[in-house]
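Reproduced below: coords-v1.tsv, with TSV, C-alpha atoms.
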chain	number	residue	atom	x	y	z
A	434	MET	CA	51.63	-49.65	87.71
A	435	ARG	CA	53.00	-47.23	85.09
A	436	VAL	CA	52.42	-43.54	85.74
A	437	GLY	CA	53.20	-40.92	83.12
A	438	THR	CA	52.32	-37.31	82.48
A	439	PHE	CA	49.85	-35.97	79.92
A	440	VAL	CA	51.27	-32.85	78.26
A	441	LEU	CA	48.73	-30.52	76.62
A	442	ALA	CA	50.95	-27.45	76.09
A	443	ALA	CA	47.97	-25.49	77.38
A	444	GLN	CA	48.03	-21.73	76.85
A	445	PHE	CA	46.50	-20.14	79.94
A	446	PRO	CA	45.08	-16.60	79.84
A	447	GLY	CA	47.84	-14.01	79.75
A	448	GLN	CA	50.48	-16.48	78.57
A	449	GLY	CA	52.27	-16.64	75.25
A	450	GLN	CA	52.45	-19.70	73.04
A	451	GLY	CA	56.18	-20.02	73.52
A	452	GLU	CA	55.68	-20.02	77.29
A	453	ALA	CA	53.20	-22.88	76.99
A	454	LEU	CA	55.57	-24.90	74.82
A	455	HIS	CA	58.50	-24.29	77.17
A	456	ARG	CA	56.40	-25.60	80.05
A	457	ALA	CA	55.50	-28.65	77.95
A	458	VAL	CA	59.15	-29.47	77.29
A	459	ARG	CA	60.13	-28.96	80.91
A	460	THR	CA	57.25	-31.15	82.09
A	461	ALA	CA	58.60	-34.08	80.10
A	462	GLU	CA	62.20	-33.47	81.13
A	463	VAL	CA	61.25	-33.34	84.80
A	464	ALA	CA	59.08	-36.45	84.35
A	465	GLU	CA	62.18	-38.43	83.43
A	466	GLU	CA	64.16	-36.95	86.33
A	467	ALA	CA	61.30	-37.83	88.70
A	468	GLY	CA	61.15	-41.46	87.60
A	469	LEU	CA	57.82	-41.33	85.78
A	470	ASP	CA	57.20	-43.90	83.07
A	471	SER	CA	56.15	-41.74	80.15
A	472	ALA	CA	55.07	-38.43	78.64
A	473	TRP	CA	52.00	-38.27	76.40
A	474	LEU	CA	51.75	-35.32	74.01
A	475	ALA	CA	48.51	-33.78	72.81
A	476	GLU	CA	47.99	-32.27	69.37
A	477	HIS	CA	45.70	-29.36	68.47
A	478	HIS	CA	45.40	-26.79	65.69
A	479	PHE	CA	44.49	-23.10	65.78
A	480	VAL	CA	43.36	-23.01	69.44
A	481	PRO	CA	44.96	-22.06	72.77
A	482	TYR	CA	43.53	-25.21	74.37
A	483	GLY	CA	46.84	-26.75	73.32
A	484	VAL	CA	49.47	-25.07	71.14
A	485	CYS	CA	51.37	-28.15	69.94
A	486	PRO	CA	50.25	-28.74	66.32
A	487	SER	CA	52.44	-31.82	65.76
A	488	ALA	CA	52.75	-34.35	68.56
A	489	VAL	CA	55.25	-36.45	66.58
A	490	THR	CA	57.53	-33.45	66.10
A	491	LEU	CA	57.51	-32.62	69.81
A	492	ALA	CA	58.01	-36.32	70.55
A	493	ALA	CA	61.15	-36.31	68.43
A	494	LEU	CA	62.57	-33.41	70.44
A	495	LEU	CA	61.76	-35.04	73.76
A	496	LEU	CA	63.10	-38.45	72.75
A	497	GLY	CA	66.36	-36.70	71.90
A	498	ARG	CA	66.46	-34.94	75.28
A	499	THR	CA	65.69	-38.03	77.36
A	500	ARG	CA	67.27	-41.45	77.74
A	501	ARG	CA	64.72	-43.61	79.55
A	502	LEU	CA	61.31	-41.95	79.23
A	503	ARG	CA	58.73	-43.44	76.88
A	504	VAL	CA	57.15	-40.70	74.76
A	505	GLY	CA	53.76	-41.08	73.13
A	506	THR	CA	51.30	-39.02	71.12
A	507	ALA	CA	47.90	-38.48	72.71
A	508	VAL	CA	46.98	-38.25	69.99
A	509	SER	CA	48.06	-37.80	66.42
A	510	VAL	CA	44.83	-36.99	64.56
A	511	LEU	CA	44.55	-39.42	61.66
A	512	PRO	CA	41.88	-37.72	59.51
A	513	THR	CA	44.11	-34.66	58.96
A	514	VAL	CA	47.31	-36.51	57.98
A	515	HIS	CA	48.31	-39.11	55.42
A	516	PRO	CA	48.76	-42.41	57.29
A	517	VAL	CA	51.86	-43.28	55.28
A	518	SER	CA	53.53	-40.01	56.25
A	519	LEU	CA	52.63	-40.60	59.90
A	520	GLY	CA	53.82	-44.20	59.63
A	521	GLU	CA	57.18	-43.10	58.26
A	522	GLN	CA	57.65	-40.68	61.15
A	523	ALA	CA	56.60	-43.31	63.69
A	524	ALA	CA	59.04	-45.84	62.25
A	525	LEU	CA	61.82	-43.26	62.32
A	526	LEU	CA	61.19	-42.42	65.98
A	527	HIS	CA	60.87	-46.10	66.89
A	528	LEU	CA	64.26	-46.93	65.39
A	529	THR	CA	66.20	-43.87	66.52
A	530	SER	CA	64.86	-43.90	70.10
A	531	GLY	CA	65.54	-47.57	70.73
A	532	GLY	CA	61.83	-48.40	70.83
A	533	ARG	CA	60.72	-45.70	73.29
A	534	PHE	CA	58.02	-44.19	71.07
A	535	THR	CA	54.29	-44.92	71.27
A	536	LEU	CA	51.97	-43.74	68.52
A	537	GLY	CA	48.57	-42.78	69.87
A	538	VAL	CA	46.02	-42.06	67.16
A	539	GLY	CA	42.49	-40.73	67.22
A	540	ARG	CA	39.64	-39.44	65.07
A	541	GLY	CA	39.74	-35.90	66.42
A	542	GLY	CA	36.69	-33.71	66.03
A	543	PRO	CA	34.60	-32.04	63.30
A	544	TRP	CA	36.82	-28.98	63.40
A	545	VAL	CA	37.92	-26.48	60.76
A	546	ASP	CA	41.20	-28.43	60.67
A	547	LEU	CA	39.49	-30.74	58.16
A	548	GLU	CA	38.98	-27.79	55.82
A	549	VAL	CA	42.44	-26.30	56.26
A	550	PHE	CA	44.24	-29.58	55.59
A	551	GLY	CA	41.93	-30.59	52.75
A	552	ALA	CA	40.67	-33.78	54.39
A	553	GLY	CA	36.97	-32.94	54.40
A	554	LEU	CA	34.23	-33.96	56.80
A	555	ASP	CA	33.98	-37.48	55.35
A	556	ALA	CA	37.52	-38.23	56.54
A	557	TYR	CA	36.32	-37.58	60.09
A	558	GLU	CA	32.93	-39.26	59.85
A	559	ASN	CA	33.82	-42.36	57.81
A	560	GLY	CA	37.51	-42.49	56.95
A	561	PHE	CA	39.16	-43.43	60.25
A	562	PRO	CA	39.11	-47.24	59.80
A	563	GLU	CA	40.72	-47.02	56.36
A	564	SER	CA	43.41	-44.66	57.62
A	565	LEU	CA	44.12	-46.84	60.65
A	566	ASP	CA	44.39	-50.01	58.59
A	567	LEU	CA	46.78	-48.39	56.13
A	568	LEU	CA	48.91	-47.07	58.99
A	569	LEU	CA	49.08	-50.52	60.60
A	570	ARG	CA	50.07	-52.12	57.32
A	571	TRP	CA	52.84	-49.56	56.91
A	572	LEU	CA	54.21	-50.42	60.34
A	573	THR	CA	54.17	-54.19	59.79
A	574	GLU	CA	54.75	-54.96	56.10
A	575	PRO	CA	57.87	-54.55	53.89
A	576	ARG	CA	55.95	-53.13	50.91
A	577	VAL	CA	52.56	-51.41	50.83
A	578	GLY	CA	50.08	-50.35	48.17
A	579	ALA	CA	46.49	-49.17	48.53
A	580	GLU	CA	43.20	-49.32	46.64
A	581	GLY	CA	40.80	-47.74	49.09
A	582	GLU	CA	38.12	-45.07	48.92
A	583	ARG	CA	40.44	-42.37	50.24
A	584	PHE	CA	43.94	-43.68	49.50
A	585	SER	CA	45.05	-45.34	46.29
A	586	PHE	CA	48.66	-45.76	45.19
A	587	ARG	CA	51.02	-48.31	43.65
A	588	GLU	CA	53.06	-50.58	45.88
A	589	VAL	CA	56.14	-48.94	47.39
A	590	ALA	CA	58.87	-50.02	49.77
A	591	VAL	CA	58.58	-49.21	53.47
A	592	VAL	CA	61.65	-47.14	54.36
A	593	PRO	CA	62.77	-47.21	57.11
A	594	ARG	CA	61.35	-50.54	58.19
A	595	PRO	CA	60.51	-50.51	61.90
A	596	ASP	CA	61.33	-54.21	62.28
A	597	GLU	CA	65.02	-53.41	61.89
A	598	LEU	CA	65.29	-52.26	65.50
A	599	ILE	CA	67.99	-54.48	66.97
A	600	GLY	CA	66.83	-56.30	70.08
A	601	GLY	CA	63.52	-54.47	70.30
A	602	ASP	CA	59.88	-54.70	69.23
A	603	PRO	CA	59.32	-55.10	65.47
A	604	SER	CA	57.08	-52.01	65.31
A	605	PRO	CA	56.15	-49.05	67.51
A	606	GLU	CA	53.32	-49.49	69.95
A	607	VAL	CA	50.00	-48.10	68.63
A	608	VAL	CA	47.11	-47.11	70.90
A	609	VAL	CA	43.70	-45.76	69.89
A	610	ALA	CA	41.81	-42.96	71.63
A	611	CYS	CA	38.32	-44.32	72.25
A	612	THR	CA	35.26	-42.24	73.07
A	613	SER	CA	32.44	-44.36	71.62
A	614	PRO	CA	31.41	-48.02	71.23
A	615	LYS	CA	32.39	-47.80	67.56
A	616	SER	CA	35.98	-46.81	68.34
A	617	VAL	CA	36.18	-49.39	71.14
A	618	ARG	CA	35.14	-52.11	68.70
A	619	LEU	CA	37.62	-50.89	66.11
A	620	ALA	CA	40.50	-51.00	68.60
A	621	ALA	CA	39.52	-54.46	69.83
A	622	GLU	CA	39.17	-55.90	66.33
A	623	ARG	CA	42.58	-54.52	65.36
A	624	GLY	CA	44.15	-55.82	68.58
A	625	LEU	CA	45.13	-52.38	69.85
A	626	PRO	CA	44.95	-50.99	73.39
A	627	MET	CA	42.76	-48.00	74.20
A	628	LEU	CA	43.52	-44.51	75.47
A	629	LEU	CA	40.55	-43.34	77.56
A	630	GLY	CA	39.96	-39.65	78.19
A	631	MET	CA	40.12	-37.68	81.39
A	632	HIS	CA	36.44	-36.72	81.14
A	633	CYS	CA	35.47	-40.33	81.96
A	634	GLY	CA	35.09	-41.77	85.44
A	635	ASP	CA	35.97	-45.26	86.61
A	636	GLU	CA	32.53	-46.68	85.86
A	637	ASP	CA	32.58	-45.52	82.25
A	638	LYS	CA	36.14	-46.74	81.76
A	639	ALA	CA	35.34	-50.14	83.28
A	640	GLU	CA	32.42	-50.50	80.86
A	641	MET	CA	34.66	-49.62	77.91
A	642	VAL	CA	37.29	-52.15	79.00
A	643	ALA	CA	34.60	-54.80	79.33
A	644	ALA	CA	33.25	-53.95	75.88
A	645	TRP	CA	36.75	-54.04	74.38
A	646	THR	CA	37.30	-57.50	75.88
A	647	ARG	CA	33.99	-58.74	74.51
A	648	TYR	CA	34.70	-57.37	71.03
A	649	ALA	CA	38.19	-58.86	71.07
A	650	ARG	CA	36.75	-62.29	71.89
A	651	GLU	CA	34.18	-61.93	69.13
A	652	ALA	CA	37.00	-61.09	66.71
A	653	GLY	CA	38.60	-64.44	67.55
A	654	ARG	CA	41.52	-63.25	69.67
A	655	ASN	CA	42.85	-65.79	72.12
A	656	PRO	CA	42.78	-65.16	75.89
A	657	ASP	CA	46.55	-64.65	76.14
A	658	ASP	CA	46.50	-61.92	73.48
A	659	ILE	CA	43.51	-60.26	75.11
A	660	ALA	CA	45.27	-60.20	78.49
A	661	ARG	CA	48.54	-58.95	77.00
A	662	ILE	CA	46.97	-56.15	74.98
A	663	GLY	CA	44.48	-55.28	77.71
A	664	ALA	CA	47.33	-54.64	80.12
A	665	CYS	CA	48.38	-51.75	77.87
A	666	HIS	CA	45.19	-49.66	78.06
A	667	VAL	CA	45.88	-46.09	79.19
A	668	SER	CA	43.74	-43.91	81.45
A	669	ALA	CA	44.13	-40.14	81.08
A	670	GLY	CA	43.49	-37.94	84.08
A	671	VAL	CA	44.53	-34.91	86.10
A	672	ALA	CA	46.99	-34.90	89.00
A	673	GLN	CA	47.52	-32.04	91.43
A	674	LEU	CA	49.28	-32.54	94.75
A	675	ALA	CA	49.37	-30.48	97.93
A	676	ASP	CA	49.91	-31.05	101.63
A	677	ARG	CA	46.23	-30.24	102.13
A	678	GLY	CA	43.71	-31.73	99.73
A	679	ALA	CA	41.69	-28.53	99.59
A	680	ASP	CA	44.74	-26.60	98.40
A	681	ALA	CA	45.24	-28.95	95.45
A	682	ALA	CA	41.66	-28.56	94.27
A	683	GLU	CA	41.78	-24.79	94.84
A	684	ALA	CA	44.85	-24.46	92.62
A	685	LEU	CA	42.98	-26.11	89.75
A	686	VAL	CA	39.68	-24.32	90.27
A	687	LYS	CA	41.53	-20.99	90.19
A	688	ALA	CA	43.45	-21.68	86.98
A	689	MET	CA	41.77	-24.28	84.79
A	690	PRO	CA	38.38	-22.63	84.07
A	691	GLY	CA	40.02	-19.64	82.38
A	692	TRP	CA	42.10	-21.93	80.18
A	693	LEU	CA	39.16	-24.22	79.42
A	694	LYS	CA	36.87	-21.34	78.46
A	695	GLN	CA	39.26	-19.61	76.09
A	696	GLY	CA	40.54	-22.90	74.70
A	697	LEU	CA	37.24	-24.64	74.07
A	698	ASP	CA	35.51	-21.46	72.85
A	699	ALA	CA	38.14	-21.17	70.13
A	700	HIS	CA	37.15	-24.46	68.46
A	701	VAL	CA	35.32	-23.87	65.17
A	702	THR	CA	33.32	-26.64	63.48
A	703	VAL	CA	33.95	-27.30	59.80
A	704	ASP	CA	30.24	-27.38	58.92
A	705	GLY	CA	28.79	-24.83	61.34
A	706	ARG	CA	27.14	-27.42	63.59
A	707	LEU	CA	26.26	-26.22	67.08
A	708	ARG	CA	28.41	-27.43	69.95
A	709	SER	CA	27.40	-28.06	73.55
A	710	MET	CA	30.08	-26.59	75.79
A	711	ARG	CA	30.80	-27.77	79.32
A	712	ASP	CA	30.68	-25.22	82.10
A	713	PRO	CA	34.41	-24.63	82.83
A	714	VAL	CA	34.09	-24.43	86.61
A	715	ALA	CA	31.81	-27.45	86.86
A	716	TYR	CA	34.09	-29.43	84.57
A	717	THR	CA	37.15	-28.55	86.65
A	718	GLU	CA	35.35	-29.63	89.81
A	719	LEU	CA	34.35	-32.87	88.09
A	720	LEU	CA	37.97	-33.59	87.17
A	721	CYS	CA	39.07	-32.90	90.76
A	722	GLY	CA	36.60	-35.52	91.96
A	723	LEU	CA	37.51	-38.15	89.37
A	724	HIS	CA	41.28	-38.04	89.52
A	725	PRO	CA	44.30	-37.95	91.88
A	726	VAL	CA	43.87	-34.41	93.18
A	727	GLY	CA	44.81	-33.89	96.83
A	728	THR	CA	47.50	-35.18	99.15
A	729	PRO	CA	50.03	-37.74	97.87
A	730	ARG	CA	48.30	-40.43	99.92
A	731	ARG	CA	44.92	-39.60	98.43
A	732	ALA	CA	46.43	-39.51	94.94
A	733	ALA	CA	47.94	-42.97	95.38
A	734	ASP	CA	44.66	-44.32	96.76
A	735	ARG	CA	42.77	-42.78	93.85
A	736	LEU	CA	45.06	-44.40	91.27
A	737	ALA	CA	44.87	-47.75	93.06
A	738	ALA	CA	41.08	-47.54	93.15
A	739	THR	CA	40.91	-46.78	89.43
A	740	ALA	CA	43.20	-49.71	88.70
A	741	GLU	CA	41.04	-52.03	90.81
A	742	ARG	CA	37.76	-50.88	89.28
A	743	THR	CA	38.87	-50.76	85.64
A	744	GLY	CA	41.83	-53.11	85.36
A	745	ILE	CA	43.87	-50.24	83.89
A	746	THR	CA	47.33	-49.84	85.41
A	747	ARG	CA	48.79	-47.31	82.99
A	748	PHE	CA	48.14	-43.60	83.51
A	749	ALA	CA	48.72	-40.32	81.67
A	750	LEU	CA	48.18	-37.52	84.17
A	751	LEU	CA	47.90	-33.83	83.34
A	752	ALA	CA	50.21	-32.04	85.77
A	753	GLU	CA	50.12	-28.52	84.30
A	754	GLY	CA	46.64	-27.61	85.55
A	755	SER	CA	47.96	-24.72	87.64
A	756	GLY	CA	49.28	-23.07	84.50
A	757	ASP	CA	52.50	-22.16	86.31
A	758	LEU	CA	55.89	-23.56	85.29
A	759	ALA	CA	57.42	-23.82	88.76
A	760	ALA	CA	54.25	-25.33	90.23
A	761	THR	CA	54.05	-27.83	87.36
A	762	GLU	CA	57.64	-28.94	87.87
A	763	GLU	CA	57.04	-29.36	91.61
A	764	ASN	CA	53.85	-31.30	90.91
A	765	VAL	CA	55.67	-33.73	88.63
A	766	ARG	CA	58.53	-34.17	91.10
A	767	ARG	CA	56.09	-34.92	93.91
A	768	LEU	CA	54.34	-37.50	91.74
A	769	GLY	CA	57.66	-39.29	91.41
A	770	ALA	CA	58.92	-38.85	94.95
A	771	GLU	CA	55.75	-39.12	97.03
A	772	VAL	CA	53.13	-41.00	95.00
A	773	LEU	CA	55.03	-43.65	93.05
A	774	PRO	CA	56.54	-45.25	96.18
A	775	LEU	CA	53.04	-45.72	97.58
A	776	LEU	CA	51.98	-47.69	94.48
A	777	VAL	CA	54.64	-50.40	94.71

Please, can you express the file's structure as structure tokens?
Amino acid sequence: MRVGTFVLAAQFPGQGQGEALHRAVRTAEVAEEAGLDSAWLAEHHFVPYGVCPSAVTLAALLLGRTRRLRVGTAVSVLPTVHPVSLGEQAALLHLTSGGRFTLGVGRGGPWVDLEVFGAGLDAYENGFPESLDLLLRWLTEPRVGAEGERFSFREVAVVPRPDELIGGDPSPEVVVACTSPKSVRLAAERGLPMLLGMHCGDEDKAEMVAAWTRYAREAGRNPDDIARIGACHVSAGVAQLADRGADAAEALVKAMPGWLKQGLDAHVTVDGRLRSMRDPVAYTELLCGLHPVGTPRRAADRLAATAERTGITRFALLAEGSGDLAATEENVRRLGAEVLPLLV
């Protein structure tokens, strides 16, 4: 079982953006010290929900500060970037980190980001498959050209080529954030593992894994490939530890609703469409029930149960839900010292 931390760089009420980013960096540094497998970095624009606007940039910093930790994006939003530019950065991080970088990509949302970066709503609604395919070609071919609806350019050389990593994988790992049957099918057909969100419970995630397996078979993938790729699915969640289970939940219920309300309220749609917002307290309580929140023993049992029900053995756990730097560091250290040994 591979347990990592999910780093949102969340700006809680009363905190500055620099404070949130400092906590994000420290979370990843402590994750390596604590023996966790990975750090997954979120990316958001113009909102305090998360103040990291470039997950690949933060990944570069953290790969330089660590020696063992795998660092991934969760996710880089494809509709607002050129896939060749993102592919170049991913190849660079793959080569210079010795293969420790994972590129998580997703479709994002219908936010004003699409207007600011000039992508337009169509890039969100229809352009994700084209962007993903171009990105994958960039990471696997020596020369690439394009004649698509959104991207068209003459053939150019791929520099640097990710397959020049000595003794490592020929390209960085790519995972796809999946929130719908359409994205599950896309990931399966492309032979890519899924990143499943923390809003989903075990039943929903098990159904998505089953659908991915079915789509992969329909796409003609052999059983060995399906098993190999399927072992790399990632489940996002929340982790909060305490000696008493009630104290862990209380820490989150006190802190997370304020962050969720100000962060989610700040999202602006590009086309003025109405959004249905979750109740922040109810959502926090839902997350406490779905994920490893409680004593270390309960956390380990919760992770083991999720693995048994879904087949997923790779986790990205949000540890900064208290909003406090010292408490976040302690939470991460306890994950490594008190939960990981129970999962062996």

Long-range neighbours of A:Val608 as a ChimeraX atom specification, 7 Å cut-off, only C-alpha atoms, 3 positions minimum in chain | /A:536-538,625-628

Which neighbours of stretch 584-595 of chain A fall inside 10 Å, counting all atoms listed in the file, when residues of the same chain fewer than 5 positions from it are skipped, and could you give them as a VMD selection string?
-> chain A and resid 515 to 517 520 to 529 532 560 563 to 564 567 570 to 579 601 to 605

Identify, on the basis of all atoms listed in the file, every residue whose closest approach to stretch 742-750 of chain A does not exceed 7 Å; exclude the query and any residue fewer than 6 positions from it along the same chain; express the result as a ChimeraX atom specification.
-> /A:434-439,473,635,638-639,642,664-672

Work out how far atom CA of A:Ala752 is from atom CA of A:Val508, in Å to one decimal.
->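 Result for atom CA of A:Val508 versus atom CA of A:Ala752: 17.3 Å, one decimal.
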
Between A:Lys687, A:Arg708, A:His724, A:Arg654, which one has atoms that come closest to A:Gly542, using only C-alpha atoms?
->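 Of A:Lys687, A:Arg708, A:His724, A:Arg654, the one nearest A:Gly542 is A:Arg708, counting only C-alpha atoms.
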
Give the answer as one residue: which of A:Leu775, A:Val480, A:Leu474, A:Ala644 has the shortest atom-to-atom distance to A:His700, using all atoms listed in the file?
-> A:Val480

Near-A:Ala679 list (12 Å; all atoms listed in the file; drop same-chain fewer than 5 positions) as a list in words = Gln673, Leu674, Ala684, Leu685, Val686, Glu718, Cys721, Gly722, Val726, Gly727, Thr728 and Arg731 of chain A

So how many Å separate atom CA of A:Ala493 and atom CA of A:Ala442, to one decimal?
->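 Atom CA of A:Ala442 lies 15.5 Å from atom CA of A:Ala493.
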
Contacts of A:Ser709 at 12 Å or less, counting only C-alpha atoms, minus same-chain residues fewer than 5 places along, as a list of chain:residue names?
-> A:Leu697, A:Asp698, A:His700, A:Thr702

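Using all atoms listed in the file, the shortest contact distance between A:Asn655 and any of A:Ala643, A:Gly624, A:Asn764, A:Leu454 is found at A:Gly624.
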
Kindly indicate which residue among A:Asp704, A:Asp676, A:Glu476, A:Glu683 lies nearest to A:Ala732, using all atoms listed in the file for the distances.
->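 Comparing A:Asp704, A:Asp676, A:Glu476, A:Glu683 against A:Ala732, the winner is A:Asp676.
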
Might I get the box with edges along x, y and z of the file that holds all atoms of stretch 536-551 of chain A listed there, padded by 6 Å on every side, given as centre and edge lengths in Å to one decimal, as AutoDock Vina command-line options?
--center_x 43.3 --center_y -35.0 --center_z 61.3 --size_x 29.4 --size_y 29.4 --size_z 29.1

d(atom CA of A:Cys633, atom CA of A:Pro725) in Å |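 Rounded to one decimal, the two atoms are 13.5 Å apart.
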
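Of the residues listed (A:Leu751, A:Pro543, A:Pro446, A:Leu720), A:Leu751 shows the shortest atom-to-atom separation from A:Ala475; distances use all atoms listed in the file.
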
Anything within 10 Å of (46.8, -14.9, 80.0): list those residues as number ranges by chain, counting all atoms listed in the file and sticking to the file's coordinates.
-> A: 444-449, 691-692, 695, 756

Could you tell me which of A:Leu598, A:Leu491, A:Leu511, A:Ala740 comes closest to A:Pro562 if we count all atoms listed in the file?
-> A:Leu511
